[in-house]
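Listing of start-v7.cif, mmCIF, C-alpha atoms
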data_my_file
#
loop_
_atom_site.label_atom_id
_atom_site.label_comp_id
_atom_site.auth_asym_id
_atom_site.auth_seq_id
_atom_site.Cartn_x
_atom_site.Cartn_y
_atom_site.Cartn_z
CA MET I 1 -4.40 28.08 31.42
CA ASP I 2 -6.46 30.55 29.42
CA THR I 3 -7.33 32.55 32.55
CA VAL I 4 -4.09 32.33 34.53
CA THR I 5 -2.42 35.73 34.93
CA LEU I 6 -0.22 37.78 37.24
CA ASP I 7 -2.07 39.07 40.30
CA GLU I 8 -0.96 42.18 42.20
CA GLY I 9 1.21 40.26 44.64
CA THR I 10 2.97 38.30 41.91
CA LEU I 11 3.49 41.45 39.83
CA ALA I 12 5.02 43.18 42.84
CA TRP I 13 7.42 40.24 43.23
CA VAL I 14 8.28 40.40 39.51
CA ARG I 15 9.13 44.10 39.65
CA SER I 16 11.22 43.60 42.78
CA GLN I 17 13.52 41.27 40.82
CA TYR I 18 14.62 43.95 38.31
CA PRO I 19 17.11 46.55 39.59
CA ALA I 20 16.73 48.55 36.36
CA LEU I 21 13.18 49.47 37.37
CA ASP I 22 14.77 51.68 40.03
CA LYS I 23 17.20 53.31 37.64
CA LYS I 24 19.88 55.45 39.33
CA ASP I 25 22.41 57.79 37.76
CA ILE I 26 26.04 58.08 38.90
CA THR I 27 24.98 60.41 41.74
CA GLY I 28 22.50 57.85 43.07
CA LYS I 29 19.43 59.84 42.01
CA VAL I 30 16.50 57.61 41.01
CA HIS I 31 14.99 58.24 37.57
CA ASP I 32 11.40 57.25 36.81
CA VAL I 33 12.01 55.23 33.64
CA ILE I 34 9.41 53.31 31.64
CA TYR I 35 10.98 50.49 29.63
CA LEU I 36 9.01 49.95 26.42
CA ASP I 37 12.08 48.74 24.53
CA GLY I 38 11.64 45.03 25.28
CA PRO I 39 11.68 43.83 21.64
CA GLY I 40 15.24 45.12 21.39
CA GLY I 41 16.25 43.32 24.58
CA SER I 42 14.66 42.89 28.00
CA GLN I 43 15.94 43.99 31.39
CA VAL I 44 17.36 41.23 33.60
CA PRO I 45 16.58 40.07 37.13
CA GLN I 46 19.21 40.50 39.85
CA SER I 47 19.62 36.72 39.93
CA VAL I 48 20.81 36.71 36.31
CA ALA I 49 23.44 39.39 36.96
CA ASP I 50 24.51 37.49 40.09
CA ALA I 51 24.92 34.25 38.11
CA VAL I 52 27.09 35.96 35.48
CA SER I 53 29.21 37.62 38.17
CA ARG I 54 29.49 34.44 40.23
CA TYR I 55 30.69 32.47 37.23
CA MET I 56 33.31 35.06 36.28
CA LEU I 57 34.60 35.43 39.84
CA HIS I 58 34.47 31.85 41.09
CA THR I 59 34.03 29.35 38.23
CA ASN I 60 35.79 30.83 35.20
CA ALA I 61 37.48 28.07 33.19
CA ASN I 62 37.38 26.37 29.82
CA SER I 63 35.51 23.12 29.22
CA GLY I 64 36.86 19.61 29.39
CA GLY I 65 39.43 19.90 32.17
CA VAL I 66 40.02 17.59 35.13
CA PHE I 67 40.12 20.36 37.76
CA ASP I 68 37.20 21.74 39.77
CA ASN I 69 36.49 25.00 37.93
CA SER I 70 36.42 23.26 34.56
CA ARG I 71 34.19 20.50 35.86
CA ASP I 72 31.91 23.11 37.45
CA SER I 73 31.77 24.97 34.11
CA ASP I 74 30.78 21.78 32.34
CA ALA I 75 28.08 21.13 34.96
CA ILE I 76 26.64 24.63 34.47
CA ILE I 77 26.60 24.21 30.69
CA GLN I 78 24.88 20.84 30.98
CA ALA I 79 22.35 22.20 33.49
CA THR I 80 21.56 25.03 31.08
CA ARG I 81 21.04 22.60 28.20
CA GLU I 82 18.56 20.71 30.35
CA ALA I 83 16.81 23.92 31.40
CA MET I 84 16.53 25.13 27.80
CA GLY I 85 15.20 21.71 26.82
CA ASP I 86 12.42 22.17 29.37
CA PHE I 87 11.79 25.73 28.15
CA LEU I 88 11.40 24.65 24.51
CA GLY I 89 9.92 21.20 25.11
CA CYS I 90 12.79 19.04 23.84
CA SER I 91 15.76 16.94 24.96
CA HIS I 92 18.95 18.55 26.25
CA GLU I 93 20.73 16.66 23.46
CA GLU I 94 18.93 18.90 20.96
CA ILE I 95 20.24 22.19 22.37
CA ALA I 96 23.29 24.13 21.17
CA PHE I 97 24.59 27.54 22.19
CA GLY I 98 26.04 30.36 20.12
CA ALA I 99 26.69 34.09 20.00
CA ASN I 100 23.12 34.99 19.01
CA MET I 101 20.27 33.82 16.82
CA THR I 102 21.69 35.45 13.67
CA THR I 103 25.12 33.85 14.03
CA LEU I 104 23.57 30.45 14.69
CA THR I 105 21.31 30.85 11.66
CA PHE I 106 24.27 31.62 9.41
CA SER I 107 25.96 28.47 10.78
CA VAL I 108 22.93 26.33 10.01
CA SER I 109 22.42 27.89 6.57
CA ARG I 110 26.02 27.18 5.57
CA ALA I 111 25.68 23.59 6.77
CA LEU I 112 22.41 23.02 4.91
CA GLY I 113 23.92 24.72 1.87
CA ARG I 114 26.33 21.80 1.46
CA ASP I 115 23.47 19.70 0.10
CA LEU I 116 21.85 22.27 -2.22
CA ARG I 117 21.81 21.70 -5.96
CA ASP I 118 20.85 23.82 -8.96
CA GLY I 119 17.10 24.20 -9.16
CA ASP I 120 16.55 23.74 -5.42
CA GLU I 121 14.30 26.32 -3.77
CA ILE I 122 14.25 28.23 -0.48
CA ILE I 123 11.36 30.22 0.99
CA VAL I 124 11.81 33.20 3.34
CA THR I 125 9.16 35.68 4.48
CA GLN I 126 8.54 39.37 3.95
CA LEU I 127 7.74 39.74 7.66
CA ASP I 128 10.96 38.47 9.21
CA HIS I 129 13.93 40.08 10.88
CA ASP I 130 16.79 39.95 8.37
CA GLY I 131 18.56 37.50 10.66
CA ASN I 132 16.20 34.88 9.25
CA VAL I 133 16.39 36.16 5.67
CA ALA I 134 19.99 37.12 4.87
CA PRO I 135 21.53 33.76 5.93
CA TRP I 136 19.32 32.02 3.36
CA THR I 137 19.57 34.54 0.52
CA ALA I 138 23.36 34.53 1.01
CA LEU I 139 23.41 30.91 -0.12
CA LYS I 140 22.95 32.14 -3.68
CA VAL I 141 26.55 33.42 -3.64
CA ASP I 142 27.90 29.86 -3.63
CA HIS I 143 24.80 28.34 -5.24
CA PRO I 144 23.62 30.75 -7.96
CA GLY I 145 21.35 28.05 -9.36
CA VAL I 146 19.26 28.01 -6.17
CA ASN I 147 16.00 30.01 -6.25
CA VAL I 148 14.88 32.02 -3.21
CA HIS I 149 11.21 33.01 -2.94
CA MET I 150 9.69 35.52 -0.50
CA LEU I 151 6.39 34.68 1.16
CA GLN I 152 4.14 37.74 1.13
CA VAL I 153 1.87 39.00 3.91
CA THR I 154 -1.67 40.34 3.89
CA LEU I 155 -2.14 43.92 5.04
CA PRO I 156 -2.87 45.61 7.35
CA GLU I 157 -2.62 42.81 9.94
CA CYS I 158 0.60 41.35 8.48
CA PHE I 159 -0.42 37.70 8.44
CA TRP I 160 1.28 35.30 6.04
CA ASP I 161 -0.61 34.71 2.82
CA LEU I 162 -1.02 30.95 3.21
CA ASP I 163 -2.39 30.59 -0.31
CA HIS I 164 0.84 32.15 -1.53
CA LEU I 165 2.81 29.74 0.65
CA SER I 166 0.98 26.78 -0.87
CA SER I 167 1.70 28.05 -4.38
CA LEU I 168 5.43 28.34 -3.63
CA LEU I 169 5.84 24.84 -2.21
CA ASN I 170 6.84 21.91 -4.42
CA GLU I 171 9.20 18.95 -4.55
CA LYS I 172 12.15 21.32 -5.15
CA THR I 173 11.58 23.21 -1.88
CA LYS I 174 14.48 22.36 0.43
CA ILE I 175 14.33 25.03 3.15
CA VAL I 176 11.51 27.18 4.56
CA ALA I 177 12.53 29.90 7.05
CA LEU I 178 9.68 31.28 9.16
CA GLY I 179 9.44 33.79 12.01
CA ALA I 180 7.26 32.70 14.92
CA ALA I 181 6.38 36.32 15.77
CA SER I 182 7.15 39.62 14.08
CA ASN I 183 9.64 41.72 16.03
CA ALA I 184 8.41 44.76 14.07
CA VAL I 185 4.61 44.68 14.27
CA GLY I 186 3.96 41.89 16.79
CA THR I 187 1.92 39.59 14.55
CA VAL I 188 1.94 35.92 15.64
CA ASN I 189 1.18 33.74 12.64
CA ASP I 190 -0.30 30.25 12.62
CA LEU I 191 3.06 28.50 12.68
CA GLU I 192 1.67 25.01 13.30
CA GLY I 193 -0.78 25.41 10.43
CA ALA I 194 1.93 26.67 8.08
CA ILE I 195 4.21 23.76 8.96
CA ARG I 196 1.38 21.29 8.29
CA ILE I 197 1.00 22.82 4.82
CA ILE I 198 4.76 22.50 4.27
CA ARG I 199 4.81 18.85 5.40
CA ALA I 200 1.94 18.04 3.06
CA ARG I 201 3.32 19.74 -0.05
CA SER I 202 7.09 19.54 0.51
CA PRO I 203 7.65 16.70 3.00
CA ASN I 204 11.44 16.75 2.64
CA ALA I 205 11.84 20.49 3.27
CA ILE I 206 13.72 21.69 6.35
CA VAL I 207 11.68 24.14 8.45
CA TYR I 208 13.77 26.71 10.33
CA VAL I 209 12.00 28.93 12.88
CA ASP I 210 13.13 32.25 14.34
CA ALA I 211 11.47 32.37 17.78
CA VAL I 212 13.44 35.31 19.17
CA HIS I 213 10.41 37.58 19.52
CA LEU I 214 8.02 34.81 20.58
CA ALA I 215 10.09 33.41 23.45
CA PRO I 216 9.53 36.25 25.99
CA HIS I 217 5.77 36.29 25.44
CA PHE I 218 4.37 32.83 24.57
CA PRO I 219 5.12 29.25 25.65
CA ILE I 220 6.98 27.20 23.03
CA ASP I 221 6.61 23.49 22.25
CA VAL I 222 8.91 22.41 19.44
CA ARG I 223 7.42 18.92 19.38
CA ALA I 224 3.94 20.30 18.73
CA LEU I 225 5.30 22.68 16.10
CA ASP I 226 7.21 19.89 14.31
CA CYS I 227 9.88 22.34 13.16
CA ASP I 228 13.34 21.02 12.31
CA PHE I 229 15.31 23.89 13.82
CA LEU I 230 14.32 26.76 16.11
CA ALA I 231 16.52 29.58 17.35
CA CYS I 232 16.06 32.19 20.06
CA SER I 233 18.16 34.61 22.10
CA ALA I 234 18.32 34.71 25.90
CA TYR I 235 18.63 38.49 26.07
CA LYS I 236 15.03 38.76 24.88
CA PHE I 237 13.73 36.53 27.69
CA PHE I 238 15.43 38.21 30.65
CA GLY I 239 18.90 36.72 30.22
CA PRO I 240 22.34 37.62 28.81
CA HIS I 241 23.41 38.07 25.20
CA ILE I 242 23.66 34.52 23.89
CA GLY I 243 21.77 32.50 21.28
CA ILE I 244 20.15 29.07 21.63
CA LEU I 245 19.53 26.58 18.85
CA TYR I 246 17.13 23.65 18.94
CA GLY I 247 17.48 20.99 16.26
CA LYS I 248 15.81 17.64 15.85
CA LYS I 249 18.26 15.09 17.15
CA ASP I 250 18.97 13.36 13.84
CA LEU I 251 19.51 16.67 12.05
CA LEU I 252 21.66 18.17 14.79
CA LEU I 253 23.82 15.13 15.43
CA SER I 254 24.10 13.20 12.17
CA ARG I 255 22.17 14.23 9.05
CA THR I 256 23.66 17.74 8.88
CA THR I 257 27.38 18.52 8.96
CA PRO I 258 28.35 21.86 10.51
CA PHE I 259 31.53 23.78 9.72
CA LYS I 260 33.85 23.13 12.67
CA VAL I 261 37.46 22.73 13.69
CA THR I 262 38.80 19.19 13.40
CA PRO I 263 39.39 18.44 17.13
CA ALA I 264 35.91 19.59 18.15
CA ASP I 265 33.35 17.06 19.35
CA ASN I 266 31.47 15.57 16.41
CA VAL I 267 29.09 13.37 18.39
CA THR I 268 27.00 15.75 20.54
CA SER I 269 25.37 19.13 19.89
CA VAL I 270 28.74 20.69 20.81
CA ARG I 271 29.66 20.13 17.15
CA TRP I 272 27.62 23.27 16.40
CA GLU I 273 29.35 25.36 19.05
CA THR I 274 32.37 26.79 17.25
CA GLY I 275 35.13 27.90 19.61
CA THR I 276 34.91 28.53 23.34
CA GLN I 277 31.40 29.54 24.29
CA ASN I 278 30.21 32.45 26.44
CA HIS I 279 30.18 30.42 29.65
CA GLU I 280 29.14 33.32 31.86
CA GLY I 281 26.27 34.02 29.45
CA ILE I 282 25.25 30.38 29.63
CA ALA I 283 25.27 30.60 33.44
CA GLY I 284 23.09 33.71 33.21
CA THR I 285 20.72 31.91 30.85
CA LEU I 286 20.26 29.15 33.43
CA ALA I 287 19.39 31.85 35.97
CA ALA I 288 16.87 33.38 33.55
CA ILE I 289 15.11 30.03 33.19
CA GLN I 290 15.19 29.60 36.97
CA TYR I 291 13.58 33.04 37.31
CA ILE I 292 10.74 32.01 34.96
CA GLU I 293 10.41 28.75 36.90
CA ALA I 294 10.18 30.70 40.16
CA LEU I 295 7.51 32.89 38.59
CA GLY I 296 5.59 29.71 37.74
CA GLU I 297 5.79 28.69 41.39
CA LYS I 298 4.45 32.11 42.44
CA VAL I 299 1.56 31.84 40.00
CA ALA I 300 0.78 28.30 41.17
CA ALA I 301 0.83 29.40 44.80
CA ALA I 302 -1.55 32.28 44.06
CA GLN I 303 -3.93 29.89 42.31
CA LYS I 304 -3.86 27.41 45.20
CA LYS I 305 -4.46 30.19 47.73
CA GLU I 306 -7.44 31.46 45.74
CA LYS I 307 -8.91 27.97 45.50
CA GLU I 308 -7.82 27.01 49.05
CA GLU I 309 -6.10 23.92 47.73
CA GLY I 310 -2.90 22.23 48.85
CA ALA I 311 0.43 22.38 47.05
CA GLU I 312 0.93 20.25 43.95
CA ILE I 313 4.23 18.79 42.81
CA MET I 314 5.07 20.21 39.38
CA THR I 315 7.87 19.49 36.92
CA ARG I 316 10.05 22.34 35.75
CA ARG I 317 8.40 22.18 32.33
CA GLN I 318 4.98 22.57 33.96
CA LYS I 319 6.17 25.57 35.99
CA LEU I 320 7.65 27.20 32.90
CA LEU I 321 4.46 26.67 30.92
CA LEU I 322 2.37 28.09 33.75
CA ALA I 323 4.62 31.14 33.98
CA MET I 324 4.63 31.77 30.24
CA ASN I 325 0.86 31.42 30.00
CA ALA I 326 0.45 33.86 32.89
CA ILE I 327 2.84 36.27 31.13
CA ARG I 328 0.93 35.93 27.87
CA ASN I 329 -2.45 36.60 29.47
CA TYR I 330 -1.24 39.48 31.64
CA GLU I 331 0.49 41.15 28.70
CA ARG I 332 -2.60 40.72 26.53
CA SER I 333 -4.76 42.51 29.09
CA LEU I 334 -2.15 45.24 29.49
CA PHE I 335 -1.80 45.66 25.75
CA GLN I 336 -5.54 45.87 25.14
CA GLY I 337 -5.79 48.90 27.41
CA LEU I 338 -2.83 50.55 25.69
CA LEU I 339 -4.25 49.86 22.24
CA GLU I 340 -7.61 51.39 23.15
CA ASP I 341 -5.87 54.53 24.44
CA ILE I 342 -3.56 54.84 21.42
CA LYS I 343 -6.53 54.58 19.05
CA THR I 344 -7.92 57.80 20.50
CA ILE I 345 -4.81 59.82 19.60
CA PRO I 346 -5.05 61.68 16.27
CA ASN I 347 -2.32 61.63 13.59
CA ILE I 348 -1.11 58.13 14.49
CA LYS I 349 -1.23 55.08 12.24
CA ILE I 350 -1.09 51.64 13.86
CA PHE I 351 0.23 48.57 12.05
CA GLY I 352 -0.48 44.92 12.74
CA VAL I 353 -3.46 43.34 14.52
CA THR I 354 -5.75 45.97 16.10
CA ASP I 355 -8.95 43.92 16.50
CA VAL I 356 -9.31 43.26 20.26
CA ASN I 357 -10.81 39.86 19.41
CA LYS I 358 -7.55 38.83 17.73
CA LEU I 359 -5.07 39.90 20.38
CA GLY I 360 -4.15 36.26 20.91
CA GLN I 361 -2.55 36.47 17.47
CA ARG I 362 -0.04 39.13 18.41
CA THR I 363 2.60 39.93 21.01
CA PRO I 364 2.35 43.18 23.01
CA THR I 365 4.51 44.97 20.44
CA LEU I 366 3.09 47.96 18.61
CA ALA I 367 4.43 49.66 15.48
CA LEU I 368 3.30 53.23 14.82
CA ASP I 369 3.79 56.01 12.31
CA VAL I 370 3.11 59.67 12.97
CA SER I 371 1.99 62.46 10.66
CA PRO I 372 4.54 64.93 9.25
CA PRO I 373 6.28 67.20 9.97
CA LEU I 374 7.27 65.06 12.95
CA GLY I 375 9.19 61.86 12.28
CA VAL I 376 9.27 58.76 14.48
CA VAL I 377 12.88 59.42 15.50
CA ASP I 378 11.84 62.88 16.72
CA VAL I 379 9.07 61.32 18.77
CA ALA I 380 11.40 58.65 20.21
CA ARG I 381 13.84 61.38 21.29
CA ARG I 382 11.06 63.36 22.97
CA LEU I 383 9.86 60.23 24.77
CA ALA I 384 13.41 59.40 25.88
CA ALA I 385 13.80 62.89 27.32
CA GLU I 386 10.80 62.10 29.54
CA GLY I 387 12.17 58.74 30.61
CA VAL I 388 10.22 56.55 28.18
CA TYR I 389 12.47 54.14 26.27
CA THR I 390 11.24 53.07 22.83
CA TRP I 391 12.78 52.25 19.44
CA ALA I 392 12.52 54.00 16.09
CA GLY I 393 13.85 52.41 12.91
CA THR I 394 13.49 49.28 10.81
CA PHE I 395 14.33 46.86 13.64
CA TYR I 396 16.17 44.81 10.96
CA ALA I 397 12.76 43.81 9.57
CA ILE I 398 13.66 45.72 6.44
CA HIS I 399 11.21 44.21 3.97
CA ILE I 400 8.00 44.74 5.93
CA ILE I 401 9.05 48.18 7.21
CA LYS I 402 9.81 49.28 3.67
CA GLN I 403 6.29 48.32 2.64
CA LEU I 404 4.58 49.85 5.68
CA ALA I 405 6.63 53.03 6.15
CA GLY I 406 7.30 53.84 2.50
CA GLU I 407 9.81 56.60 1.80
CA ARG I 408 10.01 57.59 5.47
CA GLY I 409 11.55 54.18 6.04
CA LYS I 410 11.08 53.92 9.82
CA LEU I 411 8.41 53.25 12.42
CA LEU I 412 8.11 53.82 16.16
CA ARG I 413 8.00 50.57 18.15
CA ILE I 414 6.42 50.21 21.59
CA GLY I 415 7.17 46.88 23.27
CA LEU I 416 5.62 45.70 26.54
CA THR I 417 6.91 42.98 28.84
CA HIS I 418 5.46 41.39 31.94
CA TYR I 419 7.24 43.82 34.27
CA ASN I 420 5.30 46.78 32.86
CA THR I 421 2.18 48.09 34.61
CA LYS I 422 -1.09 49.82 33.75
CA HIS I 423 0.10 52.91 35.62
CA GLU I 424 3.23 53.09 33.43
CA LEU I 425 1.18 52.81 30.25
CA LYS I 426 -1.26 55.54 31.28
CA ARG I 427 1.70 57.80 31.97
CA PHE I 428 3.27 56.83 28.64
CA VAL I 429 0.12 57.74 26.73
CA ASP I 430 0.07 61.17 28.37
CA ILE I 431 3.74 61.71 27.49
CA LEU I 432 3.15 60.49 23.91
CA LYS I 433 0.34 63.00 23.42
CA LYS I 434 2.65 65.76 24.58
CA ALA I 435 5.49 64.49 22.34
CA LEU I 436 3.21 64.72 19.29
CA GLU I 437 2.42 68.41 19.85
#
Would you kindly transcribe this structure into structure tokens?
Amino acid sequence: MDTVTLDEGTLAWVRSQYPALDKKDITGKVHDVIYLDGPGGSQVPQSVADAVSRYMLHTNANSGGVFDNSRDSDAIIQATREAMGDFLGCSHEEIAFGANMTTLTFSVSRALGRDLRDGDEIIVTQLDHDGNVAPWTALKVDHPGVNVHMLQVTLPECFWDLDHLSSLLNEKTKIVALGAASNAVGTVNDLEGAIRIIRARSPNAIVYVDAVHLAPHFPIDVRALDCDFLACSAYKFFGPHIGILYGKKDLLLSRTTPFKVTPADNVTSVRWETGTQNHEGIAGTLAAIQYIEALGEKVAAAQKKEKEEGAEIMTRRQKLLLAMNAIRNYERSLFQGLLEDIKTIPNIKIFGVTDVNKLGQRTPTLALDVSPPLGVVDVARRLAAEGVYTWAGTFYAIHIIKQLAGERGKLLRIGLTHYNTKHELKRFVDILKKALE
């Protein structure tokens, strides 16, 4: 799968699925918009919007009833659990839904906090979104005797310092919270290697992974990772605003006790789903997975046509993996061209991995700083005025941005997704040069 990518026909199909790519104002006029804001949330296919609308208009009901709409709601929720299991490489019994990754992480941290004792230790990272830092540091409020350590990164590429990780680990380490990919600078660390180090030095530690920024760009296999928990958000991988939690079955269903209302199910993963869930969002998430599955079918068909081979029966997991590998490879090629162009622009500083031989160790997300007197917010405004959507700020990755941006405190973030094109990026580079004048 190292060479599979999106050919012109498949890319045309991809772009046809996203109404936002033909952005219209209230008068119906089309605006030529370039979406480079993916790390803050992707656009959604028409099928996802249709699924949300269809649920609200024709299926809307609470769970657990004996009438048709309630039973249909339960069937959609179960189908989405199964689809997310295939997306992450786990059982549907190991999937729970919530408002977003941050809310789910706070729920898990509170539950794990029940078992903490004075002298226990937690490790977070300097690189992470605060949604995978604050829930763990907050445990010190109720457990002041718990020690929280921050894993440092090596600059300028922003990889974890694995020697530092090894030095922090010991028999007192109870929780290690790691980000699979940096939402700020795009770095993808060696998560499997880090977890092997944790298992060797602190075999009883719980490993919690934030995969929000990884999920739209790379395939995920929680079994291969051997993490205990992993959280992501559907609105980053072409779906609605909901969060998804994977947990190893014994941890999710028995070894860990979540905070919940008394009547709520205490046998299945529903025990983690406090209150009535966002059913329409769950329906939209199923549609997002079905879109990725359909993309896998398109990629497979293109491969068979090129090789003049017959159709092959594939499981949904296989289709999803094929699609995500094609996305990863296409985005890498797209990003390499952008990176080479950006490097030629004066008065710009690039953070993260810039070596073209290491692009497999990053997502297509670029963090930049510009030379004074311009600030990154000024540049983002100028880009927006020309129809280029980017982000300027800390992106909630406050610790790494503080180190990289210094007193200015903010960076400009450019985030590609698989619906972007080379033509868009060439146009963006021209607009960026003008914005820096």
What does the PyMOL selection byres ((chain I and resi 140) around 12) select in this file, as a PyMOL selection string? chain I and resi 109-110+113+116-122+134-139+141-149
Which residue gives the smallest distance to Ala435 in chain I among I:Arg114, I:Thr125, I:Asn420, I:Val388, with all atoms listed in the file counted? I:Val388
With all atoms listed in the file as the atoms that count, which of I:Ile282, I:Val222, I:Ala405, I:Leu338 lies nearest to Ala234 in chain I?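 Closest residue, counting all atoms listed in the file: I:Ile282.
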May I ask which of the residues I:Arg381, I:Leu162, I:Val185, I:Ser47 is the closest one to Gln17 in chain I, counting all atoms listed in the file?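 When distances to Gln17 in chain I are compared using all atoms listed in the file, the smallest one comes from I:Ser47.
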Excluding range 352-355 of chain I and its own-chain neighbours fewer than 5 positions away, which residues fall within 8 Å of it when counting only C-alpha atoms? Please give them as a PyMOL selection string. chain I and resi 155-158+185-187+339+361-362+366-367
For the residues in the current selection, export C-alpha atoms as a short mmCIF file (atom, residue, chain, number, x, y, z; two decimals), keeping the file's coordinate frame.
data_model
loop_
_atom_site.label_atom_id
_atom_site.label_comp_id
_atom_site.auth_asym_id
_atom_site.auth_seq_id
_atom_site.Cartn_x
_atom_site.Cartn_y
_atom_site.Cartn_z
CA LEU I 155 -2.14 43.92 5.04
CA PRO I 156 -2.87 45.61 7.35
CA GLU I 157 -2.62 42.81 9.94
CA CYS I 158 0.60 41.35 8.48
CA VAL I 185 4.61 44.68 14.27
CA GLY I 186 3.96 41.89 16.79
CA THR I 187 1.92 39.59 14.55
CA LEU I 339 -4.25 49.86 22.24
CA GLN I 361 -2.55 36.47 17.47
CA ARG I 362 -0.04 39.13 18.41
CA LEU I 366 3.09 47.96 18.61
CA ALA I 367 4.43 49.66 15.48
#
Applied to the shown file, which residues does the PyMOL selection byres ((chain I and resi 393) around 7) return, written as a VMD selection string? chain I and resid 391 to 392 394 to 395 410 to 412
CA of Asp221 in chain I to CA of Ala96 in chain I, straight-line distance in Å: 16.7 Å
What does the distance between CA of Asp228 in chain I and CA of Ile206 in chain I come to in Å, to one decimal place?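 Those two atoms sit 6.0 Å apart.
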So, counting all atoms listed in the file, which residue among I:Ala215, I:Gln126, I:Ile289, I:Asp190 is closest to Arg81 in chain I? I:Ile289
Best match for closeness to Leu320 in chain I among I:Asp86, I:Glu8, I:Glu273, I:Asp128, counting only C-alpha atoms: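 For Leu320 in chain I, the nearest of the candidates is I:Asp86.
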Non-local contacts of Tyr18 in chain I (10 Å; all atoms listed in the file; under 4 positions in same chain excluded) as a PyMOL selection string: chain I and resi 13-14+22-23+43-48+238+419
